[in-house]
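> Supplied structure: coords-v8.cif, mmCIF, C-alpha atoms.
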```
data_coords
loop_
_atom_site.group_PDB
_atom_site.id
_atom_site.type_symbol
_atom_site.label_atom_id
_atom_site.label_comp_id
_atom_site.auth_asym_id
_atom_site.auth_seq_id
_atom_site.Cartn_x
_atom_site.Cartn_y
_atom_site.Cartn_z
ATOM 1 C CA MET A 1 -117.768 -21.447 31.584
ATOM 2 C CA ARG A 2 -120.328 -22.722 29.058
ATOM 3 C CA THR A 3 -121.814 -26.156 29.358
ATOM 4 C CA HIS A 4 -121.826 -28.167 26.154
ATOM 5 C CA THR A 5 -124.971 -30.087 25.346
ATOM 6 C CA TYR A 6 -125.005 -32.947 22.895
ATOM 7 C CA LEU A 7 -127.520 -33.160 20.081
ATOM 8 C CA ARG A 8 -129.975 -36.006 20.033
ATOM 9 C CA GLU A 9 -128.714 -38.701 17.664
ATOM 10 C CA GLU A 10 -131.581 -38.202 15.205
ATOM 11 C CA GLU A 11 -130.977 -34.451 15.059
ATOM 12 C CA MET A 12 -127.242 -34.927 14.580
ATOM 13 C CA ILE A 13 -127.856 -37.328 11.679
ATOM 14 C CA GLN A 14 -130.328 -34.941 10.050
ATOM 15 C CA GLN A 15 -127.895 -32.027 10.297
ATOM 16 C CA ALA A 16 -125.005 -34.107 8.981
ATOM 17 C CA VAL A 17 -127.014 -35.348 5.986
ATOM 18 C CA GLN A 18 -128.164 -31.790 5.285
ATOM 19 C CA VAL A 19 -124.560 -30.563 5.264
ATOM 20 C CA LEU A 20 -123.561 -33.401 2.943
ATOM 21 C CA LEU A 21 -126.450 -32.636 0.589
ATOM 22 C CA GLU A 22 -125.522 -28.946 0.442
ATOM 23 C CA ALA A 23 -121.826 -29.658 -0.092
ATOM 24 C CA LEU A 24 -121.979 -32.695 -2.383
ATOM 25 C CA GLY A 25 -125.442 -32.849 -3.855
ATOM 26 C CA PRO A 26 -127.847 -35.772 -3.666
ATOM 27 C CA VAL A 27 -125.965 -38.250 -5.882
ATOM 28 C CA GLU A 28 -122.589 -37.869 -4.195
ATOM 29 C CA THR A 29 -124.218 -37.863 -0.748
ATOM 30 C CA ALA A 30 -125.905 -41.162 -1.568
ATOM 31 C CA ARG A 31 -122.594 -42.573 -2.811
ATOM 32 C CA PHE A 32 -120.843 -41.436 0.372
ATOM 33 C CA LEU A 33 -123.477 -42.944 2.637
ATOM 34 C CA ALA A 34 -123.342 -46.231 0.708
ATOM 35 C CA LEU A 35 -119.560 -46.613 0.958
ATOM 36 C CA PRO A 36 -118.630 -49.904 2.583
ATOM 37 C CA ARG A 37 -116.880 -49.581 5.909
ATOM 38 C CA GLN A 38 -113.407 -51.027 6.068
ATOM 39 C CA ARG A 39 -112.981 -53.602 8.766
ATOM 40 C CA ARG A 40 -110.148 -52.961 11.142
ATOM 41 C CA LEU A 41 -107.402 -55.523 11.234
ATOM 42 C CA ASP A 42 -106.808 -57.359 14.441
ATOM 43 C CA SER A 43 -104.042 -55.476 16.274
ATOM 44 C CA VAL A 44 -101.745 -58.523 16.426
ATOM 45 C CA LEU A 45 -102.155 -59.169 12.693
ATOM 46 C CA ARG A 46 -101.561 -55.481 11.951
ATOM 47 C CA HIS A 47 -98.396 -55.516 14.081
ATOM 48 C CA ARG A 48 -97.084 -58.662 12.360
ATOM 49 C CA GLN A 49 -97.681 -57.120 8.936
ATOM 50 C CA TRP A 50 -95.830 -53.978 10.048
ATOM 51 C CA GLN A 51 -92.901 -56.092 11.298
ATOM 52 C CA ASP A 52 -92.741 -58.047 8.028
ATOM 53 C CA GLU A 53 -92.312 -54.813 6.073
ATOM 54 C CA LEU A 54 -89.960 -53.180 8.589
ATOM 55 C CA ASP A 55 -86.388 -52.260 7.681
ATOM 56 C CA GLN A 56 -84.819 -52.688 11.123
ATOM 57 C CA ASP A 57 -81.711 -50.587 10.432
ATOM 58 C CA LEU A 58 -83.739 -47.707 9.016
ATOM 59 C CA PHE A 59 -86.196 -47.932 11.920
ATOM 60 C CA PHE A 60 -83.432 -47.763 14.547
ATOM 61 C CA ASN A 61 -81.745 -44.899 12.691
ATOM 62 C CA GLN A 62 -85.012 -42.956 12.748
ATOM 63 C CA ILE A 63 -85.658 -43.677 16.425
ATOM 64 C CA PHE A 64 -82.171 -43.279 17.861
ATOM 65 C CA GLY A 65 -80.696 -40.938 15.262
ATOM 66 C CA VAL A 66 -77.485 -42.858 14.777
ATOM 67 C CA PRO A 67 -76.667 -45.580 12.290
ATOM 68 C CA LEU A 68 -75.947 -49.049 13.639
ATOM 69 C CA ASP A 69 -72.228 -49.700 13.155
ATOM 70 C CA PRO A 70 -71.121 -53.199 14.083
ATOM 71 C CA LYS A 71 -67.448 -52.026 14.123
ATOM 72 C CA SER A 72 -68.043 -49.514 16.935
ATOM 73 C CA GLY A 73 -68.763 -52.312 19.396
#
```
Would you write out, as structure tokens, the structure that this file holds?


Amino acid sequence: MRTHTYLREEEMIQQAVQVLLEALGPVETARFLALPRQRRLDSVLRHRQWQDELDQDLFFNQIFGVPLDPKSG
């Protein structure tokens, strides 16, 4: 079994930038590196937003595979 060794952080960054430069060129690499990072939503806020947009009947149909029928008791 082979042991995996991790690259030093500086070496990893240099290799990654080199790959980007070769694949995208200098202008697109610079644009990529300058992209703003999206902030993650708080998990509770994300869950509340998901619930607000949720179609409960459709969700239960997808999970349980049967439509909710109030007549079936």

> Could you check how far atom CA of Leu24 of chain A sits from atom CA of Leu7 of chain A, in Å to one decimal?

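Atom-to-atom, atom CA of Leu24 of chain A and atom CA of Leu7 of chain A are spaced 23.1 Å apart.
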
> Would you mind reading off the distance between atom CA of Phe59 of chain A and atom CA of Arg46 of chain A, one decimal, in Å?

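Separation of atom CA of Phe59 of chain A and atom CA of Arg46 of chain A: 17.1 Å.
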
> Would you work out the distance separating atom CA of Gln18 of chain A from atom CA of His4 of chain A, expressed in Å to one decimal?

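Taking atom CA of Gln18 of chain A and atom CA of His4 of chain A, their separation equals 22.1 Å.
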
> Can you list what the PyMOL selection byres ((chain A and resi 33) around 12) grabs from this structure, as a PDB file with C-alpha atoms, in the coordinates of the input?


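File expr32.pdb, as written:
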```pdb
ATOM      1  CA  ILE A  13    -127.856 -37.328  11.679  1.00  0.00           C
ATOM      2  CA  ALA A  16    -125.005 -34.107   8.981  1.00  0.00           C
ATOM      3  CA  VAL A  17    -127.014 -35.348   5.986  1.00  0.00           C
ATOM      4  CA  LEU A  20    -123.561 -33.401   2.943  1.00  0.00           C
ATOM      5  CA  LEU A  21    -126.450 -32.636   0.589  1.00  0.00           C
ATOM      6  CA  LEU A  24    -121.979 -32.695  -2.383  1.00  0.00           C
ATOM      7  CA  PRO A  26    -127.847 -35.772  -3.666  1.00  0.00           C
ATOM      8  CA  VAL A  27    -125.965 -38.250  -5.882  1.00  0.00           C
ATOM      9  CA  GLU A  28    -122.589 -37.869  -4.195  1.00  0.00           C
ATOM     10  CA  THR A  29    -124.218 -37.863  -0.748  1.00  0.00           C
ATOM     11  CA  ALA A  30    -125.905 -41.162  -1.568  1.00  0.00           C
ATOM     12  CA  ARG A  31    -122.594 -42.573  -2.811  1.00  0.00           C
ATOM     13  CA  PHE A  32    -120.843 -41.436   0.372  1.00  0.00           C
ATOM     14  CA  ALA A  34    -123.342 -46.231   0.708  1.00  0.00           C
ATOM     15  CA  LEU A  35    -119.560 -46.613   0.958  1.00  0.00           C
ATOM     16  CA  PRO A  36    -118.630 -49.904   2.583  1.00  0.00           C
ATOM     17  CA  ARG A  37    -116.880 -49.581   5.909  1.00  0.00           C
TER      18      ARG A  37
END
```
